[in-house]
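Quick notes on the structure that follows.
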Amino acid sequence: MTADAPIIQLRNVTKTFGSGPAAFQALKGVDLDIAAGDFVAVMGPSGSGKSTTMNILGCLDVPTSGAFLFKGVHVERLDRDQRALLRRKYFGFVFQGFNLLPRTSALENVELPLLYRGEEKHKRREVAMQALDKVGLKDWWDHTPGELSGGQQQRVAIARAIVTQPDVLLADEPTGNLDTARSLEIMELLSEFNATGITVLMVTHEPDMAAYARTVVHFRDGLVERVDQHHHQGQAVGS
């Protein structure tokens, strides 16, 4: 795949929840191309379809109709187990609420995806320590989430997301629980990983955070309203 080829393509994707009179059409025919290596911010009001789209992109849900191609493979044709394998191999996830195991060290939290892959213990430790080092928390490896600040917890979560060397990082409101200074640190970190070739998809409602992205996709009423391209990256307010 060339750098400009879409790693992700959505073609006329619809998603309906429920059936009969209670049915709700969350997506009404979404078309979207995401280039490999892009940094994409997904924006839109609550109920616009952005979260539903992210769940489909992360292989956590399937379209009701339409096509979702990842690296040319029709994901909507895969079964649940195949989707899980795809997710495990190619995707990393970061959430607003960090989603760390509370009584478990930072290192063990970061090791989790490797555990699911069946990696041996010494290999897991080594790779997880490298990931913690990349987010600046190598010296905090034995601390539990309760002993870490919100910003540090999100760094651990990012280390966990990148420990498997994913092609795509999906971040859902990754700065939603953080103050401005910590938020900017997290965005710098995501920009650094994007610069290494990881495609970053981030849901955000904050224009300051979206300013880090090269592509901003605006959702409204279950459709892509418009796509803006920024030619500068990481030019956040005040830099």
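Chain identifiers are assigned as A, B, and so on, following the order in which chains appear in the structure tokens; residues are numbered from 1 within each chain, and ligands are numbered from 1 in order of appearance.
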DSSP on the backbone: what in stretch 4-197 of chain A comes out strand (DSSP E), as an mmCIF file with C-alpha atoms, in the first residue's frame?
```cif
data_model
loop_
_atom_site.group_PDB
_atom_site.id
_atom_site.type_symbol
_atom_site.label_atom_id
_atom_site.label_comp_id
_atom_site.auth_asym_id
_atom_site.auth_seq_id
_atom_site.Cartn_x
_atom_site.Cartn_y
_atom_site.Cartn_z
ATOM 1 C CA PRO A 6 -6.817 4.644 1.925
ATOM 2 C CA ILE A 7 -6.189 2.231 4.793
ATOM 3 C CA ILE A 8 -9.895 2.599 5.604
ATOM 4 C CA GLN A 9 -12.843 3.021 3.240
ATOM 5 C CA LEU A 10 -16.512 3.313 4.171
ATOM 6 C CA ARG A 11 -18.989 3.026 1.300
ATOM 7 C CA ASN A 12 -22.638 3.947 1.856
ATOM 8 C CA VAL A 13 -22.521 2.601 5.414
ATOM 9 C CA THR A 14 -25.810 2.553 7.305
ATOM 10 C CA LYS A 15 -26.475 1.415 10.849
ATOM 11 C CA THR A 16 -29.923 0.810 12.289
ATOM 12 C CA PHE A 17 -30.558 -0.017 15.942
ATOM 13 C CA PHE A 24 -33.342 4.230 14.882
ATOM 14 C CA GLN A 25 -31.074 4.866 11.914
ATOM 15 C CA ALA A 26 -27.804 6.106 13.425
ATOM 16 C CA LEU A 27 -25.910 6.146 10.109
ATOM 17 C CA LYS A 28 -27.665 7.030 6.851
ATOM 18 C CA GLY A 29 -25.063 6.288 4.199
ATOM 19 C CA VAL A 30 -21.575 7.289 5.304
ATOM 20 C CA ASP A 31 -18.775 7.535 2.737
ATOM 21 C CA LEU A 32 -15.286 8.092 4.106
ATOM 22 C CA ASP A 33 -11.698 7.487 2.994
ATOM 23 C CA ILE A 34 -8.878 7.598 5.537
ATOM 24 C CA ALA A 35 -5.338 7.590 4.189
ATOM 25 C CA PHE A 39 -4.208 12.116 11.764
ATOM 26 C CA VAL A 40 -7.999 12.417 11.731
ATOM 27 C CA ALA A 41 -10.243 14.240 14.187
ATOM 28 C CA VAL A 42 -13.900 13.204 14.155
ATOM 29 C CA MET A 43 -16.309 15.895 15.353
ATOM 30 C CA SER A 65 -25.578 -2.217 5.047
ATOM 31 C CA GLY A 66 -22.723 -0.837 2.989
ATOM 32 C CA ALA A 67 -19.033 -1.735 2.893
ATOM 33 C CA PHE A 68 -16.111 -1.232 5.312
ATOM 34 C CA LEU A 69 -12.744 -1.988 3.767
ATOM 35 C CA PHE A 70 -9.591 -2.170 5.870
ATOM 36 C CA VAL A 73 -10.445 -6.437 3.058
ATOM 37 C CA HIS A 74 -14.233 -6.327 3.413
ATOM 38 C CA PHE A 91 -5.838 -1.561 16.219
ATOM 39 C CA GLY A 92 -4.990 0.199 19.474
ATOM 40 C CA PHE A 93 -7.669 1.879 21.615
ATOM 41 C CA VAL A 94 -7.544 4.862 23.988
ATOM 42 C CA PHE A 95 -10.645 5.960 25.911
ATOM 43 C CA VAL A 168 -4.372 2.412 13.627
ATOM 44 C CA LEU A 169 -4.875 4.159 16.961
ATOM 45 C CA LEU A 170 -8.513 4.893 17.827
ATOM 46 C CA ALA A 171 -8.856 7.529 20.529
ATOM 47 C CA ASP A 172 -12.296 8.398 21.919
#
```
Excluding A:Val216 and residues on its chain fewer than 3 positions from it, collect all residues at most 10 Å away from it, counting only C-alpha atoms, and give them as a PyMOL selection string.
-> chain A and resi 39-43+201-203+207+210-213+219+226-230
Let me see the file: selected residues, all heavy atoms, as a compact mmCIF listing (two decimals), in the first residue's frame.
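After the write, out.txt holds the following:
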```txt
# COMPACT_ATOMS: atom_id res chain seq x y z
N PHE A 39 -3.76 11.80 10.40
CA PHE A 39 -4.21 12.12 11.76
C PHE A 39 -5.58 12.75 11.59
O PHE A 39 -5.71 13.85 11.06
CB PHE A 39 -3.24 13.10 12.42
CG PHE A 39 -3.44 13.29 13.91
CD1 PHE A 39 -2.33 13.43 14.75
CD2 PHE A 39 -4.70 13.32 14.47
CE1 PHE A 39 -2.50 13.60 16.13
CE2 PHE A 39 -4.89 13.48 15.84
CZ PHE A 39 -3.79 13.63 16.67
N VAL A 40 -6.62 12.03 12.01
CA VAL A 40 -8.00 12.42 11.73
C VAL A 40 -8.73 12.74 13.03
O VAL A 40 -8.73 11.94 13.97
CB VAL A 40 -8.75 11.28 11.00
CG1 VAL A 40 -10.19 11.70 10.68
CG2 VAL A 40 -8.01 10.88 9.72
N ALA A 41 -9.35 13.91 13.07
CA ALA A 41 -10.24 14.24 14.19
C ALA A 41 -11.68 14.09 13.69
O ALA A 41 -12.01 14.55 12.60
CB ALA A 41 -10.00 15.66 14.67
N VAL A 42 -12.50 13.41 14.50
CA VAL A 42 -13.90 13.20 14.16
C VAL A 42 -14.73 14.06 15.11
O VAL A 42 -14.61 13.94 16.33
CB VAL A 42 -14.28 11.71 14.28
CG1 VAL A 42 -15.76 11.51 14.00
CG2 VAL A 42 -13.43 10.87 13.34
N MET A 43 -15.54 14.96 14.54
CA MET A 43 -16.31 15.89 15.35
C MET A 43 -17.78 15.84 14.96
O MET A 43 -18.13 15.35 13.89
CB MET A 43 -15.77 17.32 15.17
CG MET A 43 -14.29 17.47 15.47
SD MET A 43 -13.75 19.20 15.49
CE MET A 43 -14.28 19.69 17.14
N LEU A 201 -7.06 8.07 14.65
CA LEU A 201 -8.45 8.51 14.52
C LEU A 201 -8.93 8.90 15.90
O LEU A 201 -8.92 8.09 16.81
CB LEU A 201 -9.34 7.37 14.03
CG LEU A 201 -9.07 6.78 12.66
CD1 LEU A 201 -10.04 5.65 12.39
CD2 LEU A 201 -9.22 7.84 11.60
N MET A 202 -9.35 10.15 16.06
CA MET A 202 -9.70 10.65 17.38
C MET A 202 -11.05 11.35 17.36
O MET A 202 -11.28 12.24 16.53
CB MET A 202 -8.61 11.65 17.81
CG MET A 202 -8.94 12.44 19.05
SD MET A 202 -7.66 13.65 19.44
CE MET A 202 -7.96 14.90 18.19
N VAL A 203 -11.94 10.94 18.26
CA VAL A 203 -13.19 11.68 18.45
C VAL A 203 -12.91 12.78 19.46
O VAL A 203 -12.33 12.52 20.52
CB VAL A 203 -14.31 10.76 19.00
CG1 VAL A 203 -15.52 11.58 19.41
CG2 VAL A 203 -14.71 9.73 17.96
N PRO A 207 -12.14 22.05 19.70
CA PRO A 207 -11.39 22.56 18.53
C PRO A 207 -9.88 22.64 18.77
O PRO A 207 -9.10 22.41 17.84
CB PRO A 207 -12.00 23.95 18.31
CG PRO A 207 -13.36 23.88 18.92
CD PRO A 207 -13.24 22.95 20.08
N ALA A 210 -8.64 19.23 18.06
CA ALA A 210 -8.81 18.92 16.63
C ALA A 210 -7.75 19.64 15.80
O ALA A 210 -7.40 19.19 14.70
CB ALA A 210 -10.20 19.31 16.16
N ALA A 211 -7.21 20.75 16.32
CA ALA A 211 -6.18 21.52 15.60
C ALA A 211 -4.91 20.70 15.36
O ALA A 211 -4.12 21.03 14.48
CB ALA A 211 -5.85 22.80 16.36
N TYR A 212 -4.72 19.64 16.13
CA TYR A 212 -3.55 18.78 15.94
C TYR A 212 -3.70 17.86 14.73
O TYR A 212 -2.73 17.31 14.23
CB TYR A 212 -3.31 17.91 17.18
CG TYR A 212 -2.60 18.64 18.30
CD1 TYR A 212 -3.29 19.45 19.19
CD2 TYR A 212 -1.22 18.51 18.46
CE1 TYR A 212 -2.63 20.11 20.21
CE2 TYR A 212 -0.55 19.17 19.48
CZ TYR A 212 -1.27 19.97 20.35
OH TYR A 212 -0.61 20.63 21.36
N ALA A 213 -4.94 17.67 14.29
CA ALA A 213 -5.20 16.72 13.20
C ALA A 213 -4.93 17.35 11.84
O ALA A 213 -4.98 18.57 11.68
CB ALA A 213 -6.65 16.25 13.28
N PHE A 219 -19.42 15.17 11.44
CA PHE A 219 -20.66 14.39 11.30
C PHE A 219 -21.87 15.22 11.68
O PHE A 219 -21.79 16.06 12.58
CB PHE A 219 -20.60 13.16 12.22
CG PHE A 219 -19.90 11.98 11.62
CD1 PHE A 219 -18.51 11.91 11.62
CD2 PHE A 219 -20.62 10.94 11.05
CE1 PHE A 219 -17.85 10.82 11.06
CE2 PHE A 219 -19.97 9.86 10.48
CZ PHE A 219 -18.59 9.79 10.49
N ARG A 226 -18.97 17.34 6.27
CA ARG A 226 -17.86 17.85 5.46
C ARG A 226 -16.54 17.33 6.03
O ARG A 226 -16.46 16.89 7.18
CB ARG A 226 -17.84 19.37 5.40
CG ARG A 226 -17.51 20.07 6.68
CD ARG A 226 -17.40 21.58 6.48
NE ARG A 226 -16.69 22.19 7.60
CZ ARG A 226 -17.24 22.51 8.75
NH1 ARG A 226 -18.53 22.27 8.98
NH2 ARG A 226 -16.52 23.07 9.72
N VAL A 227 -15.50 17.41 5.19
CA VAL A 227 -14.16 17.00 5.61
C VAL A 227 -13.21 18.17 5.35
O VAL A 227 -13.14 18.66 4.22
CB VAL A 227 -13.69 15.75 4.82
CG1 VAL A 227 -12.27 15.37 5.22
CG2 VAL A 227 -14.65 14.58 5.04
N ASP A 228 -12.54 18.64 6.40
CA ASP A 228 -11.58 19.74 6.26
C ASP A 228 -10.16 19.19 6.32
O ASP A 228 -9.86 18.32 7.14
CB ASP A 228 -11.75 20.75 7.41
CG ASP A 228 -13.14 21.38 7.43
OD1 ASP A 228 -13.76 21.45 6.36
OD2 ASP A 228 -13.58 21.77 8.52
N GLN A 229 -9.30 19.72 5.47
CA GLN A 229 -7.88 19.34 5.48
C GLN A 229 -7.07 20.49 6.06
O GLN A 229 -7.20 21.62 5.60
CB GLN A 229 -7.39 19.03 4.07
CG GLN A 229 -8.11 17.88 3.39
CD GLN A 229 -7.76 16.53 3.99
OE1 GLN A 229 -6.73 16.37 4.64
NE2 GLN A 229 -8.61 15.54 3.78
N HIS A 230 -6.24 20.18 7.06
CA HIS A 230 -5.31 21.19 7.60
C HIS A 230 -3.93 20.88 7.01
O HIS A 230 -3.52 19.73 7.01
CB HIS A 230 -5.17 21.06 9.13
CG HIS A 230 -6.42 21.42 9.88
ND1 HIS A 230 -6.54 21.26 11.23
CD2 HIS A 230 -7.60 21.93 9.46
CE1 HIS A 230 -7.74 21.65 11.60
NE2 HIS A 230 -8.40 22.06 10.55
```
Residue neighbourhood stretch 148-165 of chain A, 9 Å, only C-alpha atoms, exclusion window fewer than 5 positions, as an NGL selection string = :A and (88-100 or 106-107 or 109-114 or 127-128 or 130-137 or 140 or 143 or 170 or 174-175 or 177-179 or 182-183 or 185-186 or 189-190 or 193 or 198)
Put those residues in a file: C-alpha atoms, as a PDB file, in the first residue's frame.
```pdb
ATOM      1  CA  ARG A  88      -6.077  -7.332  18.067  1.00  0.00           C
ATOM      2  CA  LYS A  89      -3.494  -7.253  15.306  1.00  0.00           C
ATOM      3  CA  TYR A  90      -4.019  -3.829  13.758  1.00  0.00           C
ATOM      4  CA  PHE A  91      -5.838  -1.561  16.219  1.00  0.00           C
ATOM      5  CA  GLY A  92      -4.990   0.199  19.474  1.00  0.00           C
ATOM      6  CA  PHE A  93      -7.669   1.879  21.615  1.00  0.00           C
ATOM      7  CA  VAL A  94      -7.544   4.862  23.988  1.00  0.00           C
ATOM      8  CA  PHE A  95     -10.645   5.960  25.911  1.00  0.00           C
ATOM      9  CA  GLN A  96     -11.707   9.060  27.818  1.00  0.00           C
ATOM     10  CA  GLY A  97     -11.978   7.059  31.057  1.00  0.00           C
ATOM     11  CA  PHE A  98      -8.512   5.433  30.683  1.00  0.00           C
ATOM     12  CA  ASN A  99     -10.061   1.947  31.319  1.00  0.00           C
ATOM     13  CA  LEU A 100      -7.073   0.691  33.314  1.00  0.00           C
ATOM     14  CA  ALA A 106       1.223   0.298  35.028  1.00  0.00           C
ATOM     15  CA  LEU A 107       3.483  -2.370  33.520  1.00  0.00           C
ATOM     16  CA  ASN A 109      -1.783  -2.856  32.369  1.00  0.00           C
ATOM     17  CA  VAL A 110       0.436  -2.241  29.346  1.00  0.00           C
ATOM     18  CA  GLU A 111       1.208  -5.983  29.068  1.00  0.00           C
ATOM     19  CA  LEU A 112      -2.469  -6.931  28.728  1.00  0.00           C
ATOM     20  CA  PRO A 113      -2.761  -6.875  24.902  1.00  0.00           C
ATOM     21  CA  LEU A 114       0.424  -8.983  24.702  1.00  0.00           C
ATOM     22  CA  VAL A 127       8.081  -4.738  25.136  1.00  0.00           C
ATOM     23  CA  ALA A 128       5.773  -3.182  27.758  1.00  0.00           C
ATOM     24  CA  GLN A 130       9.706   0.005  25.982  1.00  0.00           C
ATOM     25  CA  ALA A 131       6.145   1.301  25.500  1.00  0.00           C
ATOM     26  CA  LEU A 132       6.151   2.932  28.961  1.00  0.00           C
ATOM     27  CA  ASP A 133       9.496   4.512  28.101  1.00  0.00           C
ATOM     28  CA  LYS A 134       7.979   5.970  24.903  1.00  0.00           C
ATOM     29  CA  VAL A 135       5.299   7.754  26.948  1.00  0.00           C
ATOM     30  CA  GLY A 136       7.820   8.938  29.553  1.00  0.00           C
ATOM     31  CA  LEU A 137       6.710   6.644  32.403  1.00  0.00           C
ATOM     32  CA  TRP A 140       6.498   4.553  37.188  1.00  0.00           C
ATOM     33  CA  HIS A 143       2.618   2.166  40.291  1.00  0.00           C
ATOM     34  CA  LEU A 170      -8.513   4.893  17.827  1.00  0.00           C
ATOM     35  CA  PRO A 174      -8.685  11.016  24.935  1.00  0.00           C
ATOM     36  CA  THR A 175      -8.372  14.413  26.644  1.00  0.00           C
ATOM     37  CA  ASN A 177     -10.979  14.020  31.587  1.00  0.00           C
ATOM     38  CA  LEU A 178      -7.818  16.153  31.575  1.00  0.00           C
ATOM     39  CA  ASP A 179      -6.970  19.800  32.170  1.00  0.00           C
ATOM     40  CA  ARG A 182      -2.241  17.631  30.343  1.00  0.00           C
ATOM     41  CA  SER A 183      -4.485  17.577  27.267  1.00  0.00           C
ATOM     42  CA  GLU A 185       0.817  16.828  26.440  1.00  0.00           C
ATOM     43  CA  ILE A 186      -1.382  13.913  25.357  1.00  0.00           C
ATOM     44  CA  LEU A 189       2.250  12.331  22.307  1.00  0.00           C
ATOM     45  CA  LEU A 190      -0.394  11.250  19.777  1.00  0.00           C
ATOM     46  CA  PHE A 193       3.158   8.379  17.335  1.00  0.00           C
ATOM     47  CA  ILE A 198       0.520   5.180  12.962  1.00  0.00           C
TER      48      ILE A 198
END
```
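Reported to one decimal place, the separation of atom CA of A:Gly58 from atom CA of A:Asp79 is 14.2 Å.
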Every residue of stretch 51-192 of chain A that DSSP places in helix (DSSP H, G or I), as a compact mmCIF listing (two decimals) with C-alpha atoms, in the first residue's frame:
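Okay, this is what ended up in states31.txt:
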```txt
# COMPACT_ATOMS: atom_id res chain seq x y z
CA SER A 51 -19.41 7.13 17.95
CA THR A 52 -21.31 4.55 15.90
CA THR A 53 -18.84 5.09 13.05
CA MET A 54 -15.85 4.71 15.41
CA ASN A 55 -17.30 1.43 16.74
CA ILE A 56 -17.56 0.13 13.17
CA LEU A 57 -14.03 1.33 12.31
CA VAL A 75 -14.57 -6.25 7.21
CA GLU A 76 -18.38 -6.43 7.05
CA ARG A 77 -18.00 -9.95 5.58
CA ARG A 80 -16.93 -12.15 14.97
CA ASP A 81 -13.72 -14.13 15.58
CA GLN A 82 -12.08 -12.80 12.44
CA ARG A 83 -12.99 -9.25 13.43
CA ALA A 84 -11.52 -9.83 16.90
CA LEU A 85 -8.25 -11.01 15.33
CA LEU A 86 -8.18 -8.00 13.02
CA ARG A 87 -8.79 -5.69 15.99
CA ARG A 88 -6.08 -7.33 18.07
CA LYS A 89 -3.49 -7.25 15.31
CA TYR A 90 -4.02 -3.83 13.76
CA ALA A 106 1.22 0.30 35.03
CA LEU A 107 3.48 -2.37 33.52
CA GLU A 108 0.88 -5.13 33.88
CA ASN A 109 -1.78 -2.86 32.37
CA VAL A 110 0.44 -2.24 29.35
CA GLU A 111 1.21 -5.98 29.07
CA LEU A 112 -2.47 -6.93 28.73
CA PRO A 113 -2.76 -6.87 24.90
CA LEU A 114 0.42 -8.98 24.70
CA LEU A 115 -1.06 -11.44 27.20
CA TYR A 116 -4.10 -11.82 24.93
CA LYS A 121 6.32 -13.31 30.06
CA HIS A 122 9.89 -12.02 29.61
CA LYS A 123 9.04 -10.79 26.11
CA ARG A 124 5.88 -9.09 27.41
CA ARG A 125 7.81 -7.27 30.14
CA GLU A 126 10.49 -6.08 27.76
CA VAL A 127 8.08 -4.74 25.14
CA ALA A 128 5.77 -3.18 27.76
CA MET A 129 8.72 -1.37 29.39
CA GLN A 130 9.71 0.00 25.98
CA ALA A 131 6.15 1.30 25.50
CA LEU A 132 6.15 2.93 28.96
CA ASP A 133 9.50 4.51 28.10
CA LYS A 134 7.98 5.97 24.90
CA LYS A 138 9.45 4.04 32.60
CA ASP A 139 10.17 4.94 36.25
CA TRP A 140 6.50 4.55 37.19
CA PRO A 145 -3.51 3.78 38.46
CA GLY A 146 -4.59 5.13 41.87
CA GLU A 147 -1.01 6.30 42.43
CA GLY A 150 -5.01 11.59 35.27
CA GLY A 151 -2.42 12.61 32.69
CA GLN A 152 -0.14 9.75 33.72
CA GLN A 153 -3.03 7.28 33.59
CA GLN A 154 -3.80 8.38 30.03
CA ARG A 155 -0.12 7.91 29.15
CA VAL A 156 -0.29 4.35 30.49
CA ALA A 157 -3.42 3.83 28.39
CA ILE A 158 -1.59 5.11 25.31
CA ALA A 159 1.37 2.83 26.06
CA ARG A 160 -1.10 -0.09 26.26
CA ALA A 161 -2.61 0.97 22.92
CA ILE A 162 0.73 1.14 21.08
CA THR A 180 -5.61 21.90 29.31
CA ALA A 181 -1.91 21.43 30.05
CA ARG A 182 -2.24 17.63 30.34
CA SER A 183 -4.48 17.58 27.27
CA LEU A 184 -1.82 19.29 25.18
CA GLU A 185 0.82 16.83 26.44
CA ILE A 186 -1.38 13.91 25.36
CA MET A 187 -1.96 15.52 21.94
CA GLU A 188 1.79 16.01 21.49
CA LEU A 189 2.25 12.33 22.31
CA LEU A 190 -0.39 11.25 19.78
CA SER A 191 1.29 13.51 17.19
CA GLU A 192 4.63 11.84 17.88
```
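The protein and nucleic acid residues lying at most 8 Å from A:His205 are Met43, Gly44, Pro45 and Glu173 of chain A, with only C-alpha atoms considered and sequence neighbours fewer than 6 positions away removed.
One finds atom CA of A:Thr204 at 25.3 Å from atom CA of A:Pro102.
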